[in-house]
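File shown: target_37.txt (compact mmCIF, C-alpha atoms).
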```txt
# COMPACT_ATOMS: atom_id res chain seq x y z
CA MET A 1 -21.39 43.73 -123.51
CA GLY A 2 -17.85 44.19 -122.23
CA PHE A 3 -17.99 47.82 -123.21
CA LEU A 4 -21.23 48.23 -121.35
CA ASN A 5 -19.72 46.60 -118.32
CA LYS A 6 -16.82 49.03 -118.41
CA LEU A 7 -19.31 51.84 -118.28
CA GLY A 8 -20.96 50.19 -115.30
CA ILE A 9 -24.06 49.31 -117.29
CA ALA A 10 -25.26 45.77 -117.24
CA ILE A 11 -28.02 44.23 -119.27
CA GLY A 12 -30.84 42.89 -117.18
CA GLY A 13 -30.60 45.59 -114.58
CA TYR A 14 -29.35 45.32 -111.02
CA ALA A 15 -31.11 43.13 -108.63
CA PRO A 16 -29.73 42.90 -105.11
CA ARG A 17 -28.97 39.35 -104.18
CA ASN A 18 -26.85 37.53 -101.72
CA ASN A 19 -23.47 36.07 -102.42
CA ALA A 20 -24.76 32.65 -103.25
CA GLY A 21 -24.14 33.04 -106.94
CA THR A 22 -20.65 34.43 -106.78
CA LEU A 23 -17.47 32.48 -106.92
CA PRO A 24 -16.10 31.40 -103.57
CA HIS A 25 -12.92 33.43 -103.92
CA ALA A 26 -14.75 36.53 -104.96
CA ARG A 27 -17.09 36.06 -102.04
CA GLN A 28 -14.29 35.59 -99.64
CA HIS A 29 -12.13 38.49 -100.58
CA SER A 30 -14.37 41.05 -102.06
CA GLY A 31 -14.76 42.71 -98.68
CA ARG A 32 -18.23 43.78 -99.68
CA VAL A 33 -20.54 44.94 -96.99
CA HIS A 34 -23.27 42.36 -96.66
CA ALA A 35 -25.94 45.00 -96.44
CA GLY A 36 -28.78 42.57 -96.74
CA ALA A 37 -27.90 40.99 -93.44
CA VAL A 38 -27.40 44.18 -91.48
CA ALA A 39 -29.97 44.56 -88.79
CA ALA A 40 -30.46 47.74 -86.86
CA GLY A 41 -30.54 47.66 -83.11
CA PRO A 42 -30.06 50.51 -80.69
CA HIS A 43 -26.86 49.07 -79.23
CA ARG A 44 -25.45 47.92 -82.48
CA GLU A 45 -22.13 49.36 -83.53
CA PRO A 46 -23.02 51.55 -86.49
CA GLU A 47 -19.75 50.88 -88.28
CA MET A 48 -20.07 47.12 -88.00
CA GLN A 49 -19.41 45.53 -91.35
CA GLU A 50 -20.26 42.03 -92.31
CA THR A 51 -18.67 39.88 -94.94
CA THR A 52 -19.00 36.22 -95.61
CA ARG A 53 -16.24 33.68 -95.76
CA ILE A 54 -16.23 30.21 -97.19
CA SER A 55 -15.00 27.98 -94.41
CA ASN A 56 -13.55 24.61 -95.21
CA GLY A 57 -12.68 24.31 -91.55
CA LEU A 58 -16.33 24.55 -90.60
CA LYS A 59 -17.27 22.04 -93.28
CA GLU A 60 -14.75 19.57 -91.92
CA PHE A 61 -15.75 20.36 -88.32
CA LEU A 62 -19.37 19.49 -89.13
CA TRP A 63 -18.34 16.41 -91.06
CA ASN A 64 -16.56 15.16 -87.97
CA LEU A 65 -19.66 15.74 -85.88
CA GLU A 66 -22.03 14.19 -88.36
CA GLY A 67 -23.90 11.22 -87.00
CA LEU A 68 -23.24 12.26 -83.45
CA GLY A 69 -26.92 12.89 -82.89
CA ARG A 70 -27.12 14.72 -79.63
CA GLY A 71 -23.92 16.51 -79.00
CA THR A 72 -22.69 19.28 -76.78
CA LEU A 73 -20.92 22.30 -78.14
CA LEU A 74 -19.00 25.06 -76.45
CA ASP A 75 -18.83 28.29 -78.39
CA LEU A 76 -16.26 30.71 -77.07
CA GLY A 77 -17.46 33.63 -79.14
CA PRO A 78 -20.40 35.90 -78.49
CA ALA A 79 -23.85 34.35 -78.68
CA TRP A 80 -25.39 34.80 -82.11
CA GLN A 81 -28.85 33.63 -82.98
CA THR A 82 -27.69 32.15 -86.29
CA THR A 83 -24.97 30.05 -84.67
CA LEU A 84 -27.23 28.92 -81.83
CA SER A 85 -30.05 27.98 -84.20
CA PHE A 86 -27.70 26.24 -86.59
CA PHE A 87 -26.40 23.84 -83.95
CA ILE A 88 -29.62 23.47 -81.97
CA GLU A 89 -31.42 22.43 -85.15
CA ARG A 90 -28.80 19.72 -85.51
CA GLY A 91 -29.57 18.40 -82.05
CA PHE A 92 -26.75 20.07 -80.18
CA ARG A 93 -26.89 21.57 -76.78
CA VAL A 94 -24.94 24.78 -77.12
CA THR A 95 -23.09 26.60 -74.40
CA SER A 96 -21.89 30.02 -75.37
CA GLU A 97 -19.37 32.03 -73.43
CA ASP A 98 -17.74 35.13 -74.82
CA ILE A 99 -14.33 34.42 -73.43
CA LEU A 100 -12.62 37.54 -74.81
CA ARG A 101 -15.23 39.72 -73.18
CA ASP A 102 -14.75 37.80 -69.93
CA TRP A 103 -10.98 38.22 -70.18
CA SER A 104 -11.33 41.92 -70.84
CA ASP A 105 -13.66 42.33 -67.84
CA PHE A 106 -11.30 40.30 -65.69
CA GLN A 107 -8.34 42.48 -66.68
CA LYS A 108 -10.28 45.66 -65.93
CA LYS A 109 -11.22 44.31 -62.54
CA GLU A 110 -7.64 43.39 -61.76
CA GLN A 111 -6.34 46.76 -62.87
CA ALA A 112 -8.94 48.54 -60.79
CA ALA A 113 -7.77 46.78 -57.65
CA PRO A 114 -5.92 49.17 -55.28
CA LYS A 115 -2.21 49.29 -56.00
CA GLU A 116 -1.09 50.90 -52.75
CA SER A 117 0.28 48.80 -49.96
CA LEU A 118 0.82 45.78 -52.13
CA THR A 119 2.72 43.01 -50.44
CA ALA A 120 5.09 40.57 -52.09
CA ASP A 121 2.31 38.02 -52.07
CA ASP A 122 0.04 40.42 -53.92
CA TYR A 123 2.69 40.89 -56.58
CA ALA A 124 3.04 37.14 -56.84
CA GLN A 125 -0.68 36.99 -57.54
CA ARG A 126 -0.26 39.34 -60.46
CA THR A 127 2.16 37.36 -62.54
CA PRO A 128 0.74 36.24 -65.91
CA GLU A 129 0.68 32.64 -64.68
CA ALA A 130 -1.19 33.52 -61.50
CA LEU A 131 -3.66 35.73 -63.37
CA ALA A 132 -4.30 33.02 -65.95
CA LYS A 133 -4.91 30.51 -63.20
CA LYS A 134 -7.26 32.87 -61.40
CA PHE A 135 -9.16 33.62 -64.60
CA LEU A 136 -9.66 29.94 -65.30
CA THR A 137 -10.94 29.30 -61.81
CA GLU A 138 -13.58 31.97 -62.38
CA ASN A 139 -14.47 31.01 -65.95
CA LEU A 140 -14.93 27.91 -68.09
CA GLN A 141 -15.93 25.83 -65.12
CA TYR A 142 -17.24 22.62 -66.63
CA ALA A 143 -16.81 19.02 -65.69
CA ALA A 144 -14.25 16.92 -67.52
CA SER A 145 -15.42 15.45 -70.84
CA THR A 146 -18.46 17.71 -71.04
CA PHE A 147 -18.23 18.74 -74.68
CA ASP A 148 -18.10 17.00 -78.02
CA ALA A 149 -17.13 20.08 -79.94
CA LEU A 150 -15.50 23.41 -79.32
CA LEU A 151 -15.58 26.56 -81.42
CA LEU A 152 -12.50 28.50 -80.40
CA TRP A 153 -12.52 30.99 -83.30
CA ASP A 154 -9.42 33.24 -83.22
CA VAL A 155 -9.56 33.69 -79.46
CA LEU A 156 -6.04 32.41 -78.79
CA ASP A 157 -4.47 35.21 -80.86
CA TYR A 158 -5.95 37.73 -78.43
CA LEU A 159 -5.05 36.09 -75.14
CA GLU A 160 -1.88 36.38 -73.14
CA PRO A 161 0.28 33.49 -74.36
CA THR A 162 0.44 32.10 -70.83
CA LEU A 163 -3.32 32.14 -70.56
CA ALA A 164 -3.70 30.69 -74.04
CA LYS A 165 -1.53 27.76 -73.04
CA GLN A 166 -3.35 27.16 -69.76
CA MET A 167 -6.71 27.57 -71.41
CA VAL A 168 -6.02 25.00 -74.09
CA TRP A 169 -4.96 22.55 -71.39
CA HIS A 170 -8.10 23.36 -69.43
CA LEU A 171 -10.37 22.96 -72.45
CA THR A 172 -8.73 19.73 -73.50
CA GLU A 173 -9.86 18.26 -70.18
CA GLN A 174 -13.40 19.38 -70.85
CA LEU A 175 -13.51 17.82 -74.29
CA ARG A 176 -14.51 14.20 -74.69
CA PRO A 177 -12.16 11.74 -76.37
CA GLY A 178 -12.83 12.12 -80.07
CA GLY A 179 -14.02 15.69 -79.53
CA VAL A 180 -13.35 18.28 -82.20
CA VAL A 181 -11.99 21.81 -81.89
CA MET A 182 -12.09 24.47 -84.56
CA ALA A 183 -9.69 27.33 -84.06
CA MET A 184 -8.41 30.12 -86.25
CA PHE A 185 -4.99 31.65 -86.31
CA HIS A 186 -3.90 34.79 -88.07
CA SER A 187 -0.68 34.59 -90.05
CA LYS A 188 0.08 38.20 -89.22
CA LYS A 189 -1.16 40.52 -86.52
CA PRO A 190 -4.77 41.30 -87.39
CA GLU A 191 -5.47 44.95 -88.16
CA LYS A 192 -9.11 44.68 -87.29
CA PHE A 193 -11.06 42.81 -84.71
CA HIS A 194 -13.61 40.37 -86.01
CA ARG A 195 -16.35 38.18 -84.69
CA TYR A 196 -17.63 35.12 -86.49
CA ARG A 197 -20.96 33.46 -86.82
CA VAL A 198 -22.17 30.43 -88.67
CA MET A 199 -24.39 31.12 -91.67
CA ASP A 200 -24.60 27.64 -93.15
CA THR A 201 -22.62 24.44 -93.38
CA HIS A 202 -19.69 26.05 -95.17
CA THR A 203 -20.11 29.79 -94.70
CA LEU A 204 -19.11 32.02 -91.85
CA GLN A 205 -20.16 35.58 -91.47
CA VAL A 206 -17.27 37.79 -90.45
CA LEU A 207 -18.29 40.85 -88.48
CA GLU A 208 -15.97 43.72 -87.94
CA ALA A 209 -16.29 44.84 -84.36
CA LYS A 210 -14.76 47.21 -81.87
CA ALA A 211 -11.66 45.57 -80.41
CA ILE A 212 -12.22 44.24 -76.93
CA VAL A 213 -8.63 43.21 -76.38
CA PRO A 214 -5.57 43.79 -78.54
CA ALA A 215 -4.02 40.97 -80.53
CA GLN A 216 -1.21 39.40 -78.53
CA LYS A 217 0.62 36.84 -80.58
CA VAL A 218 0.93 35.33 -84.00
CA PHE A 219 1.31 31.61 -83.51
CA GLN A 220 3.66 29.67 -85.73
CA ASN A 221 2.65 26.20 -86.84
CA ARG A 222 5.08 24.54 -84.47
CA GLU A 223 3.72 26.56 -81.54
CA ILE A 224 0.18 25.57 -82.48
CA GLN A 225 1.20 21.93 -82.52
CA ASP A 226 2.78 22.32 -79.12
CA LEU A 227 -0.29 24.05 -77.73
CA PHE A 228 -2.50 21.21 -78.89
CA GLY A 229 0.03 18.50 -78.21
CA ARG A 230 -2.53 16.32 -76.40
CA PHE A 231 -4.69 16.09 -79.51
CA ARG A 232 -4.23 13.16 -81.79
CA SER A 233 -4.62 14.99 -85.06
CA MET A 234 -4.57 18.41 -86.60
CA LYS A 235 -5.67 19.69 -89.97
CA SER A 236 -5.33 23.22 -91.28
CA TYR A 237 -6.87 25.18 -94.10
CA VAL A 238 -5.21 28.38 -95.15
CA GLY A 239 -7.36 30.99 -96.77
CA ARG A 240 -6.04 33.59 -99.16
CA ASP A 241 -6.56 36.10 -96.40
CA GLN A 242 -3.90 34.12 -94.49
CA LEU A 243 -6.33 33.10 -91.80
CA ARG A 244 -5.62 29.51 -90.84
CA GLU A 245 -8.64 27.47 -89.89
CA THR A 246 -7.39 24.53 -87.89
CA LEU A 247 -9.20 21.44 -86.69
CA PHE A 248 -7.99 19.37 -83.78
CA ILE A 249 -9.31 15.97 -82.81
CA LYS A 250 -8.76 14.71 -79.31
CA MET B 1 -100.60 36.84 -84.17
CA TRP B 2 -96.97 37.89 -84.53
CA ARG B 3 -95.75 40.30 -81.93
CA LYS B 4 -92.52 42.31 -82.02
CA GLU B 5 -91.17 40.62 -78.87
CA ASP B 6 -91.51 37.19 -80.46
CA GLY B 7 -89.01 38.11 -83.16
CA ASN B 8 -86.28 38.86 -80.65
CA PRO B 9 -85.98 35.89 -78.33
CA GLN B 10 -82.67 37.04 -76.84
CA ALA B 11 -84.10 40.32 -75.69
CA SER B 12 -87.05 38.63 -74.15
CA SER B 13 -84.95 36.09 -72.33
CA GLU B 14 -82.75 38.83 -70.92
CA ALA B 15 -85.78 40.69 -69.79
CA ASP B 16 -87.13 37.54 -68.19
CA SER B 17 -83.99 36.77 -66.27
CA GLY B 18 -83.68 40.35 -65.19
CA THR B 19 -79.96 40.58 -65.95
CA VAL B 20 -78.59 44.02 -66.69
CA ASN B 21 -75.21 44.34 -68.27
CA SER B 22 -72.97 47.37 -68.08
CA THR B 23 -73.77 48.53 -71.61
CA SER B 24 -77.47 48.56 -70.94
CA SER B 25 -76.95 50.58 -67.77
CA THR B 26 -74.83 53.17 -69.55
CA LYS B 27 -77.38 53.33 -72.32
CA SER B 28 -80.03 54.03 -69.78
CA GLY B 29 -77.92 56.96 -68.66
CA SER B 30 -77.46 55.79 -65.08
CA SER B 31 -74.53 57.46 -63.33
CA ALA B 32 -73.93 54.52 -61.00
CA ALA B 33 -70.28 53.39 -61.08
CA ALA B 34 -70.11 50.40 -63.36
CA PRO B 35 -67.52 47.84 -62.30
CA LEU B 36 -64.29 48.01 -64.36
CA ALA B 37 -64.00 45.23 -66.87
CA VAL B 38 -60.96 43.49 -65.40
CA SER B 39 -60.29 40.07 -66.69
CA PRO B 40 -59.19 37.62 -64.02
CA ARG B 41 -56.60 36.40 -66.55
CA ALA B 42 -54.98 39.81 -67.06
CA THR B 43 -51.19 39.73 -66.70
CA ALA B 44 -49.98 40.87 -63.32
CA CYS B 45 -47.77 43.89 -63.59
CA VAL B 46 -45.05 45.50 -61.54
CA SER B 47 -45.14 48.90 -63.10
CA GLN B 48 -42.51 51.59 -63.42
CA GLY B 49 -41.61 53.26 -60.15
CA ILE B 50 -42.21 50.19 -58.05
CA LYS B 51 -39.28 48.55 -56.32
CA ILE B 52 -39.43 45.07 -54.88
CA LYS B 53 -36.70 43.37 -52.92
CA GLY B 54 -37.27 39.74 -52.08
CA GLU B 55 -38.87 36.66 -53.48
CA LEU B 56 -41.73 36.52 -55.97
CA ALA B 57 -43.52 33.28 -56.70
CA GLY B 58 -46.64 32.35 -58.60
CA SER B 59 -48.15 30.54 -61.51
CA GLU B 60 -49.53 33.46 -63.53
CA ASP B 61 -47.85 35.57 -66.19
CA LEU B 62 -46.01 38.59 -64.87
CA PHE B 63 -44.86 41.79 -66.53
CA ILE B 64 -42.18 43.78 -64.76
CA ASP B 65 -41.41 47.34 -65.68
CA GLY B 66 -40.13 48.38 -62.28
CA GLN B 67 -37.16 47.25 -60.22
CA ILE B 68 -36.78 43.81 -58.74
CA ASP B 69 -33.94 42.55 -56.64
CA GLY B 70 -34.20 38.97 -55.48
CA LYS B 71 -35.69 35.77 -56.78
CA ILE B 72 -38.60 35.16 -59.15
CA SER B 73 -40.19 31.79 -59.61
CA LEU B 74 -43.15 31.43 -61.96
CA SER B 75 -44.11 27.86 -62.62
CA ASN B 76 -45.60 27.36 -66.05
CA ALA B 77 -45.92 31.08 -66.73
CA VAL B 78 -44.32 33.85 -68.76
CA LEU B 79 -42.18 36.50 -67.17
CA THR B 80 -41.58 39.66 -69.16
CA VAL B 81 -38.90 42.11 -68.15
CA GLY B 82 -40.16 45.32 -69.68
CA PRO B 83 -38.11 47.97 -71.45
CA ASN B 84 -38.02 50.19 -68.36
CA ALA B 85 -37.32 47.42 -65.91
CA THR B 86 -34.17 46.78 -63.95
CA VAL B 87 -34.12 43.25 -62.69
CA LYS B 88 -31.38 41.72 -60.62
CA ALA B 89 -32.66 38.30 -59.83
CA ASP B 90 -32.54 34.58 -60.26
CA ILE B 91 -35.50 33.74 -62.46
CA ALA B 92 -37.20 30.44 -63.12
CA ALA B 93 -40.22 30.41 -65.44
CA ARG B 94 -41.69 28.64 -68.43
CA GLU B 95 -40.79 31.53 -70.69
CA VAL B 96 -38.71 34.62 -70.05
CA VAL B 97 -38.92 37.67 -72.28
CA LEU B 98 -36.17 40.20 -71.76
CA ARG B 99 -36.70 43.73 -73.03
CA GLY B 100 -34.94 45.79 -70.36
CA ARG B 101 -31.99 45.56 -68.01
CA ALA B 102 -31.58 42.18 -66.45
CA GLU B 103 -28.88 40.56 -64.38
CA GLY B 104 -28.75 37.15 -62.76
CA LYS B 105 -29.42 33.51 -63.51
CA PHE B 106 -32.38 32.83 -65.75
CA VAL B 107 -33.79 29.38 -66.38
CA ALA B 108 -36.77 28.83 -68.67
CA THR B 109 -38.28 25.45 -69.38
CA ASP B 110 -39.61 26.56 -72.74
CA ARG B 111 -37.68 29.54 -74.09
CA ILE B 112 -35.92 32.80 -73.44
CA GLN B 113 -36.43 35.75 -75.75
CA ILE B 114 -33.97 38.63 -75.76
CA TRP B 115 -35.24 41.71 -77.54
CA ASN B 116 -32.99 44.33 -79.07
CA THR B 117 -33.77 46.77 -76.24
CA ALA B 118 -32.45 44.32 -73.66
CA ARG B 119 -29.22 44.72 -71.77
CA VAL B 120 -28.53 41.41 -70.20
CA GLN B 121 -25.71 40.23 -68.02
CA ALA B 122 -26.70 36.77 -67.03
CA GLU B 123 -26.44 33.05 -67.17
CA LEU B 124 -29.24 31.86 -69.41
CA LYS B 125 -30.45 28.31 -69.60
CA SER B 126 -33.30 27.14 -71.80
CA GLU B 127 -34.22 24.73 -74.52
CA ARG B 128 -34.69 27.58 -76.96
CA ILE B 129 -33.08 31.00 -76.87
CA LEU B 130 -34.03 33.74 -79.27
CA ILE B 131 -31.73 36.71 -79.54
CA GLU B 132 -32.79 39.70 -81.56
CA GLU B 133 -30.10 41.47 -83.53
CA GLY B 134 -28.86 44.40 -81.50
CA ALA B 135 -29.48 42.94 -78.08
CA GLU B 136 -26.67 43.50 -75.61
CA LEU B 137 -25.78 40.25 -73.98
CA HIS B 138 -22.94 39.43 -71.63
CA GLY B 139 -22.73 36.14 -69.89
CA ARG B 140 -23.16 32.49 -70.50
CA ILE B 141 -25.81 30.75 -72.50
CA GLU B 142 -26.87 27.15 -72.45
CA ALA B 143 -29.38 26.35 -75.15
CA GLY B 144 -30.80 23.19 -76.63
CA LYS B 145 -32.35 20.06 -75.31
CA VAL B 146 -30.84 18.53 -72.24
CA HIS B 147 -29.50 15.16 -73.21
CA ALA B 148 -30.45 12.49 -70.76
CA THR B 149 -27.55 10.28 -71.62
CA SER B 150 -24.26 11.86 -72.47
CA SER B 151 -22.99 11.13 -75.91
CA VAL B 152 -19.63 9.53 -76.31
CA GLY B 153 -17.09 10.68 -78.80
CA HIS B 154 -16.62 7.27 -80.32
CA GLY B 155 -18.49 5.51 -83.05
CA ARG B 156 -19.25 8.57 -85.09
CA LYS B 157 -19.94 8.43 -88.74
CA GLY B 158 -16.66 9.97 -89.74
CA GLU B 159 -14.49 8.07 -87.33
CA VAL B 160 -12.82 5.82 -89.87
CA GLY B 161 -12.23 8.58 -92.32
CA LYS B 162 -10.99 10.73 -89.52
CA ALA B 163 -8.44 8.19 -88.47
CA LYS B 164 -7.15 8.09 -92.02
CA ASP B 165 -7.06 11.84 -92.18
CA SER B 166 -5.38 12.17 -88.87
CA SER B 167 -2.57 9.83 -89.72
CA SER B 168 -1.86 11.65 -92.91
CA THR B 169 -1.97 15.07 -91.28
CA ASP B 170 0.10 13.88 -88.36
CA GLU B 171 2.75 12.90 -90.82
CA LYS B 172 2.55 16.27 -92.46
CA ASN B 173 2.77 17.97 -89.13
CA SER B 174 5.73 16.04 -87.92
CA SER B 175 7.60 16.79 -91.09
CA GLY B 176 7.07 20.46 -90.49
CA ALA B 177 4.56 20.97 -93.31
CA ALA B 178 1.74 21.66 -90.97
CA THR B 179 -0.65 23.44 -93.19
CA ALA B 180 -2.32 22.36 -96.33
CA GLY B 181 -3.85 24.99 -98.51
CA ALA B 182 -7.32 24.00 -99.43
CA ASP B 183 -9.07 27.20 -100.29
```
The structure in this file should be written as structure tokens.
Amino acid sequence: MGFLNKLGIAIGGYAPRNNAGTLPHARQHSGRVHAGAVAAGPHREPEMQETTRISNGLKEFLWNLEGLGRGTLLDLGPAWQTTLSFFIERGFRVTSEDILRDWSDFQKKEQAAPKESLTADDYAQRTPEALAKKFLTENLQYAASTFDALLLWDVLDYLEPTLAKQMVWHLTEQLRPGGVVMAMFHSKKPEKFHRYRVMDTHTLQVLEAKAIVPAQKVFQNREIQDLFGRFRSMKSYVGRDQLRETLFIK
Amino acid sequence: MWRKEDGNPQASSEADSGTVNSTSSTKSGSSAAAPLAVSPRATACVSQGIKIKGELAGSEDLFIDGQIDGKISLSNAVLTVGPNATVKADIAAREVVLRGRAEGKFVATDRIQIWNTARVQAELKSERILIEEGAELHGRIEAGKVHATSSVGHGRKGEVGKAKDSSSTDEKNSSGAATAGAD
């Protein structure tokens, strides 16, 4: 049997199947292309690769929301049917805003603005603080305590640190007391840009995508604690891929 | 005595009433222009090459494959933005199907469908939103049932356990051991 395996021959023949039967670690780090889930669309990036990832952070996130009944969720990644359906089926009202795309568009718009005859005031409006403030007045405009849950994904790693700080403050206001945030932080600068979508209660699909914005910062634990200083608790799960899934409870 | 006409009551009744349908007239070889069979329930259509700027309102289904710039309000009806359409509008309908280029604010009481040919830059609001893989979508989405009374973050099932967890993790955090490997 072992000899046959070495030759790449297995008894019983090959039957394509999903990752459900594999060990969690193998599933997480095999880096296999999840061909079964690839769907072809005319605008789809042809090189987009999908892998799955066991997410203890998601499991805990859902556990915290269990029993909530009708909740409101803000998803700061792109809108995926699987994620929308997953939460809508659980009675959530989901708001989805691709904040990295918005930030990228905002930056392009700012850079395209005429640079000649800039006054001192104009320069003052272009400091990172001023730009972050301007961005937040144009985006994420929700009333205070609107959401019960927030999916932040790894967005903060890709934002200007000033904006990241202001955004967390802004989002904290929009989260109800007891609200839950799930964020991800890379332990080293990510080589590839990924998007995430929820597959089931403990599995995320990781999609390799064309980078919209470059990675900006690798947050240390202490910095993360400072960022979310207004939250009463924090819990992190570190995967073997060094991606930290962190939960914050307001 | 049995007669041939007796065995075909329908034919006899038609003959009696004197009605002539279009098929019978064509069979008879008449060259008179028969009226086109247009159903009064056929979907209204703004076809390719037509541009409309302004406000559209109605209560019947509408298919747009042309260009619209303005406001569309279809109460209890389906609006389809066709694959060749370019729509820049605020839309309110029972159901919105997006297959072409669309920009604006779209509200559907029932659902919004986004096909993989769609290129959408919009604010979408509906109870159900269906996004086909490959659709290009920029903007904001609000999906799910509108909750009449806002839920409060207290009294959840996991609240007690959470409090326990939080105290333990807070301790970990304050001691500098922020992360706990659990994978």
Using only C-alpha atoms, find each residue in chain A having at least one atom no more than 7 Å away from chain B; report its shortest atom-to-atom pair and that distance in Å (one decimal), rows by chain then rising number, as a Markdown table.
```
| residue | atom | partner | partner_atom | distance |
| --- | --- | --- | --- | --- |
| A:Ala39 | CA | B:Glu133 | CA | 6.1 |
| A:Ala40 | CA | B:Gly134 | CA | 6.5 |
| A:Gly41 | CA | B:Gly134 | CA | 4.0 |
| A:Pro42 | CA | B:Gly134 | CA | 6.3 |
| A:His43 | CA | B:Gly134 | CA | 5.6 |
| A:Arg44 | CA | B:Gly134 | CA | 5.0 |
| A:Trp63 | CA | B:Gly158 | CA | 6.8 |
| A:Asn64 | CA | B:Gly158 | CA | 5.5 |
| A:Glu66 | CA | B:Lys157 | CA | 6.1 |
| A:Gly67 | CA | B:Lys157 | CA | 5.1 |
| A:Leu68 | CA | B:Arg156 | CA | 5.7 |
| A:Arg70 | CA | B:Ser151 | CA | 6.6 |
| A:Gly71 | CA | B:Ser151 | CA | 6.3 |
| A:Gln81 | CA | B:Ile131 | CA | 5.4 |
| A:Ile88 | CA | B:Gly144 | CA | 5.5 |
| A:Phe92 | CA | B:Gly144 | CA | 6.2 |
| A:Arg93 | CA | B:Gly144 | CA | 4.2 |
| A:Val94 | CA | B:Ala143 | CA | 5.1 |
| A:Thr95 | CA | B:Glu142 | CA | 4.3 |
| A:Ser96 | CA | B:Ile141 | CA | 4.9 |
| A:Glu97 | CA | B:Arg140 | CA | 4.8 |
| A:Asp148 | CA | B:Gly153 | CA | 6.4 |
| A:Arg176 | CA | B:Gly153 | CA | 6.0 |
| A:Pro177 | CA | B:Gly153 | CA | 5.6 |
| A:Gly178 | CA | B:Gly153 | CA | 4.7 |
| A:Gly179 | CA | B:Gly153 | CA | 5.9 |
| A:Asn221 | CA | B:Ala178 | CA | 6.2 |
| A:Ser233 | CA | B:Ser166 | CA | 4.8 |
| A:Met234 | CA | B:Thr169 | CA | 6.3 |
| A:Lys235 | CA | B:Thr169 | CA | 6.1 |
| A:Ser236 | CA | B:Thr179 | CA | 5.1 |
| A:Tyr237 | CA | B:Gly181 | CA | 5.3 |
| A:Val238 | CA | B:Gly181 | CA | 5.0 |
| A:Gly239 | CA | B:Asp183 | CA | 5.4 |
```
Subject >> Separation of atom CA of Ile64 of chain B from atom CA of Ala85 of chain B in Å >> reply: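 Atom CA of Ile64 of chain B lies at a distance of 6.2 Å from atom CA of Ala85 of chain B.
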Original post:
So how many Å separate atom CA of Phe106 of chain B and atom CA of Ile91 of chain B, to one decimal?
Top reply: 4.6 Å
Original post:
Between atom CA of Val155 of chain A and atom CA of Pro128 of chain A, what is the spacing in Å?
Top reply: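 Computing it gives 17.2 Å between the two atoms.
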Subject >> Contact residues around His186 of chain A with all atoms listed in the file at 7 Å, ignoring same-chain residues under 5 positions, as a VMD selection string >> reply: chain A and resid 218 242 to 244
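With distances taken over all atoms listed in the file, A:Ala183 is the one residue among A:Ala120, A:Ala183, A:Ala130, A:Val206 lying closest to Ile249 of chain A.
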Original post:
Which residues, written as number ranges by chain, have at least one atom at most 7 Å from segment 161-172 of chain A, with only C-alpha atoms counted and residues fewer than 4 positions away on the same chain left out?
Top reply: A: 128-129, 132, 156, 227
Residues within 8 Å of Asn76 of chain B, please, as a PDB file with C-alpha atoms, in the frame of the given file. Count all atoms listed in the file; anything in the same chain fewer than 4 positions from it doesn't count.
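Output saved as result.pdb:
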```pdb
ATOM      1  CA  SER B  59     -48.150  30.540 -61.510  1.00  0.00           C
ATOM      2  CA  GLU B  60     -49.530  33.460 -63.530  1.00  0.00           C
ATOM      3  CA  ALA B  93     -40.220  30.410 -65.440  1.00  0.00           C
ATOM      4  CA  ARG B  94     -41.690  28.640 -68.430  1.00  0.00           C
ATOM      5  CA  GLU B  95     -40.790  31.530 -70.690  1.00  0.00           C
TER       6      GLU B  95
END
```
Original post:
Within 12 Å of Val78 of chain B, counting all atoms listed in the file, which residues qualify if same-chain residues fewer than 3 places away don't, as JSON, numbers by chain?
Top reply: {"B": [43, 44, 45, 58, 59, 60, 61, 62, 63, 64, 72, 73, 74, 75, 81, 91, 92, 93, 94, 95, 96, 97, 98, 107, 108, 109, 110, 111, 112, 113]}
Subject >> Test item: residues at most 8 Å from Lys53 of chain B, only C-alpha atoms, excluding those fewer than 4 positions along its chain, as number ranges by chain >> reply: B: 68-70
Just write the chosen residues, C-alpha atoms, as a PDB file, in the coordinates of the input.
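Written file, result_21.pdb:
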```pdb
ATOM      1  CA  ILE B  68     -36.780  43.810 -58.740  1.00  0.00           C
ATOM      2  CA  ASP B  69     -33.940  42.550 -56.640  1.00  0.00           C
ATOM      3  CA  GLY B  70     -34.200  38.970 -55.480  1.00  0.00           C
TER       4      GLY B  70
END
```
Subject >> Residue among B:Ala42, B:Val120, B:Ala102, B:Gln48 lying closest to Asp65 of chain B, counting all atoms listed in the file >> reply: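 Smallest separation from Asp65 of chain B among the options: B:Gln48.
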